[in-house]
Every structure is written in C-alpha cells, then in structure tokens.
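Trainee: Before anything else, here's the structure in question.
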Amino acid sequence: MMLEQMEKAKSLPTAKAMTEIFEKVHKEVIRTANSEKFEVGLSGTTLSVAVIDREKRKILLAWAGDSRCVLGRPVKKGVISRLASGPSGKSDYVGGSADHKPNDLKERRRVEEQGGEVLLLPGDVPHRVFAKGKEIPGLAMSRSIGDLAGHKAGVIHQPGIEWLDFQKDDLLLCCSDGVWEFLSNVEALNIVSQVGKKKAADGVQKLSAESRRLWLAEADDCCD
C-alpha cells in the first residue's frame, strides 16, 4: 500500500496514507490472531517506520509507541553535537520521533477520558496504562499495534508523523524503547558515530551492550 502510494504520487507517503497503513496493520494483526489462535488482548507491538527519499533528501517518520527514531548530524569526526527530539525541537537540521508515553500530558488526558489511568508503580521505571481499578494491561506506552485490552483503556494505534531533511553524512537510528531508557539521543548517536559508518554493525552492537549495562546497573534482575 505504501509503495503503491509512493509510485502514484512520486513522493513520500502523506500523513493520511500512513494513518491508513497503520490502521490496516492493526486490523491485520487482529485478523491473524483470530485465525491463528494467538492472544492479542495483552500482547502487541510498537511500530516505527522511516521512509527515505534519497533524491529529495527527505525522511518520513511514522510511529506508534516508544520505539524511537532519531536523526543526527556530525559536526566533526565521530561526534554529534546536539539533537532536537520531536516536533517541538529547536534545531532546524536534526530531529526525530516523539515517544508516545503514558505520562505525556496529551496522551494521559486521552487515556483518562477513555476509561484508563496512568500509574507509576513502586520500584518500577516507566509510567504504565491500566484500565481504571484493574491490574491490566500495564502498558508502558500509550500507542501500540494490537494490545486490545489497552485499546479499551485509551491506547490507540494512530501514528505520529514527522518529516525531516537530511544530508549525506547524517545518521539515522531506529531503536526499540529499551535502548532509550537510560541513554539520551545524543549519547546513543555518539556511541554509533564514533565507530564510523563502515563499521555500523559494530556501532549497533556497542550501543546495545551499553544499554544493557545501564539496565543491569539500575535493576540487576531486569533488562528491557
């Protein structure tokens, strides 16, 4: 669907097209769960998509949840100076997706208006979405694909959308939420960029290892 839209328009997909795609993916997960007999009430996934137009040097980000995509631009070899994260950033040359977290004011308001509540449990790291007065679903994000119990408590699957301009040597990282729990955007970008783009796989391994180290330092029996 996305490729068809791009071929027809000769451009990156529109926000409307990406919203329709996320809707279709969500419904397909439910259909497949029903036909294959697997549980989707308390299981689901984040979804992040980065579509790159190399000719026009444009990037489209679409995401539901907190698997973040960030774009960095090196100012000298192996170092990325700063990163504005999300639509409210001040920089005009780097940016990224903005996590859909339950404690975000706008997201929290929607959850509470639709019968859910946002709680930070004792000893826990993230805020979570619960059906009011219940112990489920306990989602650490406010948007996701699947997670039907969460959808009854204000979780949605409609994506956030962001367009970015990029340059030849820019670095785009798309990582699941666990990577970002104890690492800032700039820290993650620097870990990978210092290795060099010819050894990108090594940089990703180094990033994963550092994230794991920080998780175990915070909670020795938990690593996300």
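Chains: A, B, ... in order of the structure tokens. Residues: from 1 per chain. Ligands: from 1, in order shown.
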Pull the closest atom pair for each residue of stretch 105-186 of chain A that gets at most 8 Å from stretch 14-26 of chain A, along with the distance in Å to one decimal, counting only C-alpha atoms, ordering rows by chain and then ascending residue number, as CSV.

Mentor:
```
residue,atom,partner,partner_atom,distance
A:Ile145,CA,A:His26,CA,5.3
A:Gly146,CA,A:His26,CA,6.0
A:His157,CA,A:Phe22,CA,6.9
A:Gln158,CA,A:Thr19,CA,6.0
A:Pro159,CA,A:Thr19,CA,6.1
A:Ile161,CA,A:Ala15,CA,6.5
```

Trainee: Go ahead and write the selection's residues with N, CA, C and O atoms as an mmCIF file, in the first residue's frame.

Mentor:
```
data_model
loop_
_atom_site.group_PDB
_atom_site.id
_atom_site.type_symbol
_atom_site.label_atom_id
_atom_site.label_comp_id
_atom_site.auth_asym_id
_atom_site.auth_seq_id
_atom_site.Cartn_x
_atom_site.Cartn_y
_atom_site.Cartn_z
ATOM 1 N N ILE A 145 0.265 -1.300 18.356
ATOM 2 C CA ILE A 145 -0.476 -2.179 17.459
ATOM 3 C C ILE A 145 -0.871 -3.409 18.266
ATOM 4 O O ILE A 145 -0.051 -3.973 18.998
ATOM 5 N N GLY A 146 -2.121 -3.852 18.132
ATOM 6 C CA GLY A 146 -2.591 -4.955 18.966
ATOM 7 C C GLY A 146 -2.993 -4.429 20.332
ATOM 8 O O GLY A 146 -3.616 -3.376 20.437
ATOM 9 N N HIS A 157 -3.713 3.334 18.073
ATOM 10 C CA HIS A 157 -2.652 2.899 17.156
ATOM 11 C C HIS A 157 -2.394 3.913 16.047
ATOM 12 O O HIS A 157 -1.590 3.656 15.155
ATOM 13 N N GLN A 158 -3.038 5.064 16.080
ATOM 14 C CA GLN A 158 -2.784 6.096 15.075
ATOM 15 C C GLN A 158 -1.362 6.638 15.253
ATOM 16 O O GLN A 158 -0.920 6.890 16.381
ATOM 17 N N PRO A 159 -0.633 6.828 14.154
ATOM 18 C CA PRO A 159 0.781 7.189 14.272
ATOM 19 C C PRO A 159 1.029 8.677 14.468
ATOM 20 O O PRO A 159 0.217 9.522 14.079
ATOM 21 N N ILE A 161 3.549 11.622 13.099
ATOM 22 C CA ILE A 161 4.174 11.827 11.788
ATOM 23 C C ILE A 161 5.186 12.964 11.880
ATOM 24 O O ILE A 161 4.918 14.001 12.491
#
```

Trainee: Run DSSP on the backbone and give me the residues of stretch 34-202 of chain A it puts in helix (DSSP H, G or I), as an mmCIF file with all heavy atoms, in the first residue's frame.

Mentor:
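selection.cif was written with the following content:
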```
data_model
loop_
_atom_site.group_PDB
_atom_site.id
_atom_site.type_symbol
_atom_site.label_atom_id
_atom_site.label_comp_id
_atom_site.auth_asym_id
_atom_site.auth_seq_id
_atom_site.Cartn_x
_atom_site.Cartn_y
_atom_site.Cartn_z
ATOM 1 N N ASN A 34 -6.983 -13.973 15.301
ATOM 2 C CA ASN A 34 -8.202 -14.779 15.334
ATOM 3 C C ASN A 34 -8.056 -16.068 14.530
ATOM 4 O O ASN A 34 -8.506 -17.135 14.957
ATOM 5 C CB ASN A 34 -9.385 -13.967 14.794
ATOM 6 C CG ASN A 34 -9.799 -12.849 15.739
ATOM 7 O OD1 ASN A 34 -9.598 -12.948 16.945
ATOM 8 N ND2 ASN A 34 -10.370 -11.784 15.186
ATOM 9 N N SER A 35 -7.426 -15.976 13.368
ATOM 10 C CA SER A 35 -7.302 -17.161 12.510
ATOM 11 C C SER A 35 -6.236 -18.134 12.996
ATOM 12 O O SER A 35 -6.381 -19.344 12.861
ATOM 13 C CB SER A 35 -7.002 -16.744 11.067
ATOM 14 O OG SER A 35 -5.747 -16.077 10.973
ATOM 15 N N GLU A 36 -5.177 -17.600 13.590
ATOM 16 C CA GLU A 36 -4.074 -18.454 14.038
ATOM 17 C C GLU A 36 -4.167 -18.806 15.526
ATOM 18 O O GLU A 36 -3.308 -19.499 16.070
ATOM 19 C CB GLU A 36 -2.731 -17.758 13.772
ATOM 20 C CG GLU A 36 -2.464 -17.453 12.315
ATOM 21 C CD GLU A 36 -2.332 -18.692 11.468
ATOM 22 O OE1 GLU A 36 -1.859 -19.728 12.008
ATOM 23 O OE2 GLU A 36 -2.697 -18.654 10.278
ATOM 24 N N LEU A 105 1.339 14.685 28.843
ATOM 25 C CA LEU A 105 0.072 15.299 29.244
ATOM 26 C C LEU A 105 -1.059 15.018 28.260
ATOM 27 O O LEU A 105 -2.181 14.680 28.657
ATOM 28 C CB LEU A 105 0.258 16.803 29.430
ATOM 29 C CG LEU A 105 1.111 17.230 30.630
ATOM 30 C CD1 LEU A 105 1.252 18.744 30.663
ATOM 31 C CD2 LEU A 105 0.505 16.715 31.931
ATOM 32 N N LYS A 106 -0.777 15.170 26.967
ATOM 33 C CA LYS A 106 -1.815 14.953 25.954
ATOM 34 C C LYS A 106 -2.236 13.493 25.911
ATOM 35 O O LYS A 106 -3.433 13.170 25.834
ATOM 36 C CB LYS A 106 -1.313 15.402 24.582
ATOM 37 C CG LYS A 106 -2.352 15.290 23.483
ATOM 38 C CD LYS A 106 -1.813 15.806 22.165
ATOM 39 C CE LYS A 106 -2.843 15.682 21.055
ATOM 40 N NZ LYS A 106 -2.303 16.176 19.751
ATOM 41 N N GLU A 107 -1.267 12.592 25.964
ATOM 42 C CA GLU A 107 -1.568 11.168 25.925
ATOM 43 C C GLU A 107 -2.323 10.749 27.191
ATOM 44 O O GLU A 107 -3.288 9.986 27.130
ATOM 45 C CB GLU A 107 -0.272 10.370 25.791
ATOM 46 C CG GLU A 107 0.505 10.632 24.502
ATOM 47 C CD GLU A 107 -0.200 10.105 23.270
ATOM 48 O OE1 GLU A 107 -0.446 8.885 23.201
ATOM 49 O OE2 GLU A 107 -0.527 10.914 22.372
ATOM 50 N N ARG A 108 -1.882 11.255 28.325
ATOM 51 C CA ARG A 108 -2.528 10.913 29.598
ATOM 52 C C ARG A 108 -3.986 11.378 29.620
ATOM 53 O O ARG A 108 -4.870 10.651 30.091
ATOM 54 C CB ARG A 108 -1.756 11.546 30.754
ATOM 55 C CG ARG A 108 -2.320 11.192 32.124
ATOM 56 C CD ARG A 108 -1.408 11.661 33.232
ATOM 57 N NE ARG A 108 -1.755 11.079 34.500
ATOM 58 C CZ ARG A 108 -0.896 10.828 35.482
ATOM 59 N NH1 ARG A 108 0.387 11.126 35.325
ATOM 60 N NH2 ARG A 108 -1.293 10.283 36.612
ATOM 61 N N ARG A 109 -4.224 12.574 29.092
ATOM 62 C CA ARG A 109 -5.585 13.103 29.077
ATOM 63 C C ARG A 109 -6.498 12.180 28.270
ATOM 64 O O ARG A 109 -7.624 11.877 28.688
ATOM 65 C CB ARG A 109 -5.591 14.513 28.484
ATOM 66 C CG ARG A 109 -6.954 15.195 28.550
ATOM 67 C CD ARG A 109 -6.910 16.586 27.955
ATOM 68 N NE ARG A 109 -5.935 17.426 28.640
ATOM 69 C CZ ARG A 109 -4.835 17.911 28.070
ATOM 70 N NH1 ARG A 109 -4.572 17.644 26.802
ATOM 71 N NH2 ARG A 109 -4.011 18.668 28.758
ATOM 72 N N ARG A 110 -6.024 11.729 27.122
ATOM 73 C CA ARG A 110 -6.845 10.844 26.296
ATOM 74 C C ARG A 110 -7.109 9.522 27.017
ATOM 75 O O ARG A 110 -8.240 9.009 27.016
ATOM 76 C CB ARG A 110 -6.153 10.564 24.962
ATOM 77 C CG ARG A 110 -7.010 9.743 23.999
ATOM 78 C CD ARG A 110 -6.244 9.201 22.823
ATOM 79 N NE ARG A 110 -5.253 8.212 23.222
ATOM 80 C CZ ARG A 110 -3.941 8.399 23.142
ATOM 81 N NH1 ARG A 110 -3.448 9.539 22.683
ATOM 82 N NH2 ARG A 110 -3.114 7.450 23.528
ATOM 83 N N VAL A 111 -6.082 8.953 27.629
ATOM 84 C CA VAL A 111 -6.236 7.689 28.354
ATOM 85 C C VAL A 111 -7.286 7.829 29.455
ATOM 86 O O VAL A 111 -8.189 6.991 29.592
ATOM 87 C CB VAL A 111 -4.880 7.249 28.952
ATOM 88 C CG1 VAL A 111 -5.077 6.114 29.961
ATOM 89 C CG2 VAL A 111 -3.932 6.802 27.845
ATOM 90 N N GLU A 112 -7.186 8.891 30.225
ATOM 91 C CA GLU A 112 -8.111 9.080 31.341
ATOM 92 C C GLU A 112 -9.527 9.354 30.861
ATOM 93 O O GLU A 112 -10.503 8.911 31.482
ATOM 94 C CB GLU A 112 -7.608 10.208 32.231
ATOM 95 C CG GLU A 112 -6.313 9.848 32.963
ATOM 96 C CD GLU A 112 -5.730 10.998 33.770
ATOM 97 O OE1 GLU A 112 -6.145 12.162 33.538
ATOM 98 O OE2 GLU A 112 -4.859 10.739 34.611
ATOM 99 N N GLU A 113 -9.675 10.062 29.732
ATOM 100 C CA GLU A 113 -11.005 10.342 29.190
ATOM 101 C C GLU A 113 -11.676 9.085 28.650
ATOM 102 O O GLU A 113 -12.910 9.024 28.561
ATOM 103 C CB GLU A 113 -10.900 11.396 28.079
ATOM 104 C CG GLU A 113 -10.600 12.806 28.594
ATOM 105 C CD GLU A 113 -10.382 13.794 27.467
ATOM 106 O OE1 GLU A 113 -10.287 13.348 26.291
ATOM 107 O OE2 GLU A 113 -10.319 15.004 27.746
ATOM 108 N N LEU A 148 -5.289 -5.162 22.647
ATOM 109 C CA LEU A 148 -6.704 -4.782 22.638
ATOM 110 C C LEU A 148 -7.218 -4.373 24.007
ATOM 111 O O LEU A 148 -8.110 -3.516 24.111
ATOM 112 C CB LEU A 148 -7.539 -5.937 22.070
ATOM 113 C CG LEU A 148 -7.209 -6.334 20.617
ATOM 114 C CD1 LEU A 148 -8.206 -7.373 20.126
ATOM 115 C CD2 LEU A 148 -7.186 -5.124 19.706
ATOM 116 N N ALA A 149 -6.679 -4.957 25.070
ATOM 117 C CA ALA A 149 -7.083 -4.530 26.405
ATOM 118 C C ALA A 149 -6.679 -3.084 26.641
ATOM 119 O O ALA A 149 -7.401 -2.315 27.267
ATOM 120 C CB ALA A 149 -6.454 -5.442 27.464
ATOM 121 N N GLY A 150 -5.527 -2.708 26.121
ATOM 122 C CA GLY A 150 -5.081 -1.321 26.217
ATOM 123 C C GLY A 150 -5.968 -0.384 25.425
ATOM 124 O O GLY A 150 -6.233 0.748 25.849
ATOM 125 N N HIS A 151 -6.442 -0.843 24.281
ATOM 126 C CA HIS A 151 -7.309 -0.008 23.448
ATOM 127 C C HIS A 151 -8.650 0.278 24.134
ATOM 128 O O HIS A 151 -9.311 1.262 23.798
ATOM 129 C CB HIS A 151 -7.533 -0.673 22.089
ATOM 130 C CG HIS A 151 -6.424 -0.415 21.106
ATOM 131 N ND1 HIS A 151 -5.150 -0.893 21.278
ATOM 132 C CD2 HIS A 151 -6.402 0.300 19.944
ATOM 133 C CE1 HIS A 151 -4.388 -0.497 20.265
ATOM 134 N NE2 HIS A 151 -5.122 0.222 19.438
ATOM 135 N N ASP A 177 12.341 0.683 22.549
ATOM 136 C CA ASP A 177 12.301 1.584 23.706
ATOM 137 C C ASP A 177 13.365 1.286 24.749
ATOM 138 O O ASP A 177 13.846 2.192 25.432
ATOM 139 C CB ASP A 177 10.914 1.527 24.359
ATOM 140 C CG ASP A 177 10.579 0.119 24.852
ATOM 141 O OD1 ASP A 177 10.351 -0.755 24.007
ATOM 142 O OD2 ASP A 177 10.540 -0.100 26.073
ATOM 143 N N GLY A 178 13.756 0.026 24.893
ATOM 144 C CA GLY A 178 14.730 -0.317 25.912
ATOM 145 C C GLY A 178 16.055 0.398 25.752
ATOM 146 O O GLY A 178 16.725 0.729 26.738
ATOM 147 N N VAL A 179 16.446 0.655 24.525
ATOM 148 C CA VAL A 179 17.712 1.340 24.265
ATOM 149 C C VAL A 179 17.702 2.750 24.845
ATOM 150 O O VAL A 179 18.708 3.255 25.346
ATOM 151 C CB VAL A 179 18.000 1.382 22.748
ATOM 152 C CG1 VAL A 179 19.174 2.316 22.435
ATOM 153 C CG2 VAL A 179 18.291 -0.022 22.223
ATOM 154 N N TRP A 180 16.523 3.391 24.810
ATOM 155 C CA TRP A 180 16.442 4.811 25.163
ATOM 156 C C TRP A 180 16.147 5.059 26.639
ATOM 157 O O TRP A 180 16.141 6.214 27.069
ATOM 158 C CB TRP A 180 15.343 5.474 24.319
ATOM 159 C CG TRP A 180 15.522 5.291 22.858
ATOM 160 C CD1 TRP A 180 14.770 4.497 22.022
ATOM 161 C CD2 TRP A 180 16.518 5.888 22.028
ATOM 162 N NE1 TRP A 180 15.236 4.568 20.748
ATOM 163 C CE2 TRP A 180 16.306 5.411 20.712
ATOM 164 C CE3 TRP A 180 17.567 6.781 22.263
ATOM 165 C CZ2 TRP A 180 17.105 5.797 19.638
ATOM 166 C CZ3 TRP A 180 18.370 7.162 21.203
ATOM 167 C CH2 TRP A 180 18.132 6.679 19.902
ATOM 168 N N ASN A 185 19.340 10.839 23.356
ATOM 169 C CA ASN A 185 19.508 10.770 21.903
ATOM 170 C C ASN A 185 20.961 10.991 21.505
ATOM 171 O O ASN A 185 21.534 10.253 20.702
ATOM 172 C CB ASN A 185 18.635 11.825 21.233
ATOM 173 C CG ASN A 185 17.151 11.572 21.429
ATOM 174 O OD1 ASN A 185 16.719 10.441 21.603
ATOM 175 N ND2 ASN A 185 16.368 12.629 21.417
ATOM 176 N N VAL A 186 21.584 12.032 22.051
ATOM 177 C CA VAL A 186 22.949 12.385 21.673
ATOM 178 C C VAL A 186 23.931 11.303 22.110
ATOM 179 O O VAL A 186 24.847 10.948 21.364
ATOM 180 C CB VAL A 186 23.343 13.751 22.277
ATOM 181 C CG1 VAL A 186 24.811 14.064 22.001
ATOM 182 C CG2 VAL A 186 22.470 14.856 21.691
ATOM 183 N N GLU A 187 23.735 10.752 23.295
ATOM 184 C CA GLU A 187 24.627 9.684 23.766
ATOM 185 C C GLU A 187 24.570 8.474 22.842
ATOM 186 O O GLU A 187 25.613 7.906 22.486
ATOM 187 C CB GLU A 187 24.247 9.287 25.190
ATOM 188 C CG GLU A 187 24.607 10.322 26.242
ATOM 189 C CD GLU A 187 24.016 10.015 27.595
ATOM 190 O OE1 GLU A 187 22.976 9.314 27.658
ATOM 191 O OE2 GLU A 187 24.585 10.477 28.600
ATOM 192 N N ALA A 188 23.367 8.077 22.442
ATOM 193 C CA ALA A 188 23.221 6.923 21.550
ATOM 194 C C ALA A 188 23.852 7.201 20.192
ATOM 195 O O ALA A 188 24.567 6.357 19.633
ATOM 196 C CB ALA A 188 21.739 6.575 21.390
ATOM 197 N N LEU A 189 23.612 8.393 19.659
ATOM 198 C CA LEU A 189 24.178 8.748 18.364
ATOM 199 C C LEU A 189 25.700 8.773 18.406
ATOM 200 O O LEU A 189 26.376 8.301 17.482
ATOM 201 C CB LEU A 189 23.637 10.106 17.909
ATOM 202 C CG LEU A 189 22.181 10.110 17.460
ATOM 203 C CD1 LEU A 189 21.617 11.529 17.471
ATOM 204 C CD2 LEU A 189 22.011 9.486 16.085
ATOM 205 N N ASN A 190 26.262 9.288 19.476
ATOM 206 C CA ASN A 190 27.715 9.352 19.593
ATOM 207 C C ASN A 190 28.349 7.977 19.702
ATOM 208 O O ASN A 190 29.425 7.720 19.145
ATOM 209 C CB ASN A 190 28.115 10.210 20.797
ATOM 210 C CG ASN A 190 28.002 11.698 20.521
ATOM 211 O OD1 ASN A 190 28.085 12.129 19.382
ATOM 212 N ND2 ASN A 190 27.800 12.479 21.562
ATOM 213 N N ILE A 191 27.702 7.064 20.400
ATOM 214 C CA ILE A 191 28.226 5.706 20.534
ATOM 215 C C ILE A 191 28.384 5.063 19.167
ATOM 216 O O ILE A 191 29.407 4.425 18.868
ATOM 217 C CB ILE A 191 27.296 4.857 21.421
ATOM 218 C CG1 ILE A 191 27.428 5.287 22.886
ATOM 219 C CG2 ILE A 191 27.622 3.369 21.284
ATOM 220 C CD1 ILE A 191 26.400 4.661 23.805
ATOM 221 N N VAL A 192 27.375 5.237 18.314
ATOM 222 C CA VAL A 192 27.429 4.616 16.978
ATOM 223 C C VAL A 192 28.350 5.385 16.047
ATOM 224 O O VAL A 192 29.157 4.797 15.315
ATOM 225 C CB VAL A 192 26.008 4.520 16.375
ATOM 226 C CG1 VAL A 192 26.064 3.937 14.965
ATOM 227 C CG2 VAL A 192 25.115 3.665 17.266
ATOM 228 N N SER A 193 28.286 6.709 16.064
ATOM 229 C CA SER A 193 29.057 7.507 15.110
ATOM 230 C C SER A 193 30.555 7.412 15.368
ATOM 231 O O SER A 193 31.361 7.495 14.437
ATOM 232 C CB SER A 193 28.616 8.974 15.151
ATOM 233 O OG SER A 193 28.925 9.557 16.399
ATOM 234 N N LYS A 197 30.888 4.849 9.971
ATOM 235 C CA LYS A 197 29.804 4.218 9.206
ATOM 236 C C LYS A 197 30.224 2.940 8.497
ATOM 237 O O LYS A 197 29.378 2.121 8.150
ATOM 238 C CB LYS A 197 29.214 5.213 8.211
ATOM 239 C CG LYS A 197 30.165 5.738 7.154
ATOM 240 C CD LYS A 197 29.438 6.759 6.276
ATOM 241 C CE LYS A 197 30.333 7.345 5.199
ATOM 242 N NZ LYS A 197 29.612 8.341 4.376
ATOM 243 N N LYS A 198 31.533 2.743 8.281
ATOM 244 C CA LYS A 198 31.981 1.499 7.670
ATOM 245 C C LYS A 198 31.883 0.328 8.635
ATOM 246 O O LYS A 198 31.981 -0.825 8.236
ATOM 247 C CB LYS A 198 33.409 1.657 7.161
ATOM 248 C CG LYS A 198 33.534 2.593 5.953
ATOM 249 C CD LYS A 198 34.953 2.621 5.422
ATOM 250 C CE LYS A 198 35.059 3.524 4.193
ATOM 251 N NZ LYS A 198 36.452 3.569 3.651
ATOM 252 N N LYS A 199 31.714 0.631 9.915
ATOM 253 C CA LYS A 199 31.568 -0.414 10.930
ATOM 254 C C LYS A 199 30.265 -0.199 11.698
ATOM 255 O O LYS A 199 30.213 -0.307 12.920
ATOM 256 C CB LYS A 199 32.757 -0.405 11.884
ATOM 257 C CG LYS A 199 34.082 -0.730 11.218
ATOM 258 C CD LYS A 199 35.218 -0.755 12.235
ATOM 259 C CE LYS A 199 36.552 -1.114 11.576
ATOM 260 N NZ LYS A 199 37.653 -1.136 12.573
ATOM 261 N N ALA A 200 29.217 0.102 10.947
ATOM 262 C CA ALA A 200 27.927 0.419 11.562
ATOM 263 C C ALA A 200 27.415 -0.725 12.431
ATOM 264 O O ALA A 200 26.862 -0.504 13.511
ATOM 265 C CB ALA A 200 26.906 0.770 10.490
ATOM 266 N N ALA A 201 27.613 -1.969 11.970
ATOM 267 C CA ALA A 201 27.145 -3.118 12.744
ATOM 268 C C ALA A 201 27.843 -3.182 14.098
ATOM 269 O O ALA A 201 27.227 -3.504 15.119
ATOM 270 C CB ALA A 201 27.364 -4.409 11.968
ATOM 271 N N ASP A 202 29.128 -2.852 14.112
ATOM 272 C CA ASP A 202 29.866 -2.830 15.375
ATOM 273 C C ASP A 202 29.323 -1.728 16.288
ATOM 274 O O ASP A 202 29.243 -1.892 17.512
ATOM 275 C CB ASP A 202 31.358 -2.606 15.116
ATOM 276 C CG ASP A 202 32.024 -3.784 14.414
ATOM 277 O OD1 ASP A 202 31.457 -4.891 14.469
ATOM 278 O OD2 ASP A 202 33.084 -3.588 13.821
#
```

Trainee: Using only C-alpha atoms for the distances, tell me which of A:Leu3, A:Ile136, A:Cys175, A:Ala131 is nearest to A:Ser43.

Mentor: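 Using only C-alpha atoms, the shortest distance to A:Ser43 belongs to A:Ile136.
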
Trainee: So what do you get for atom CA of A:Trp215 versus atom CA of A:Gly116, distance-wise?

Mentor: 28.3 Å

Trainee: Considering only C-alpha atoms, can you say which of A:Leu60, A:Ala33, A:Val94, A:Val51 comes closest to A:Leu171?

Mentor: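 Selected residue with least distance to A:Leu171: A:Val94.
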
Trainee: Using only C-alpha atoms, which residues sit within 10 Å of A:Leu120 once same-chain residues fewer than 4 positions away are excluded, as a list in words?

Mentor: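 Contacts, with the query itself left out: Pro102, Asn103, Asp124, Val125, Pro126, His127, Arg128, Val129, Gly138 and Ala140 of chain A.
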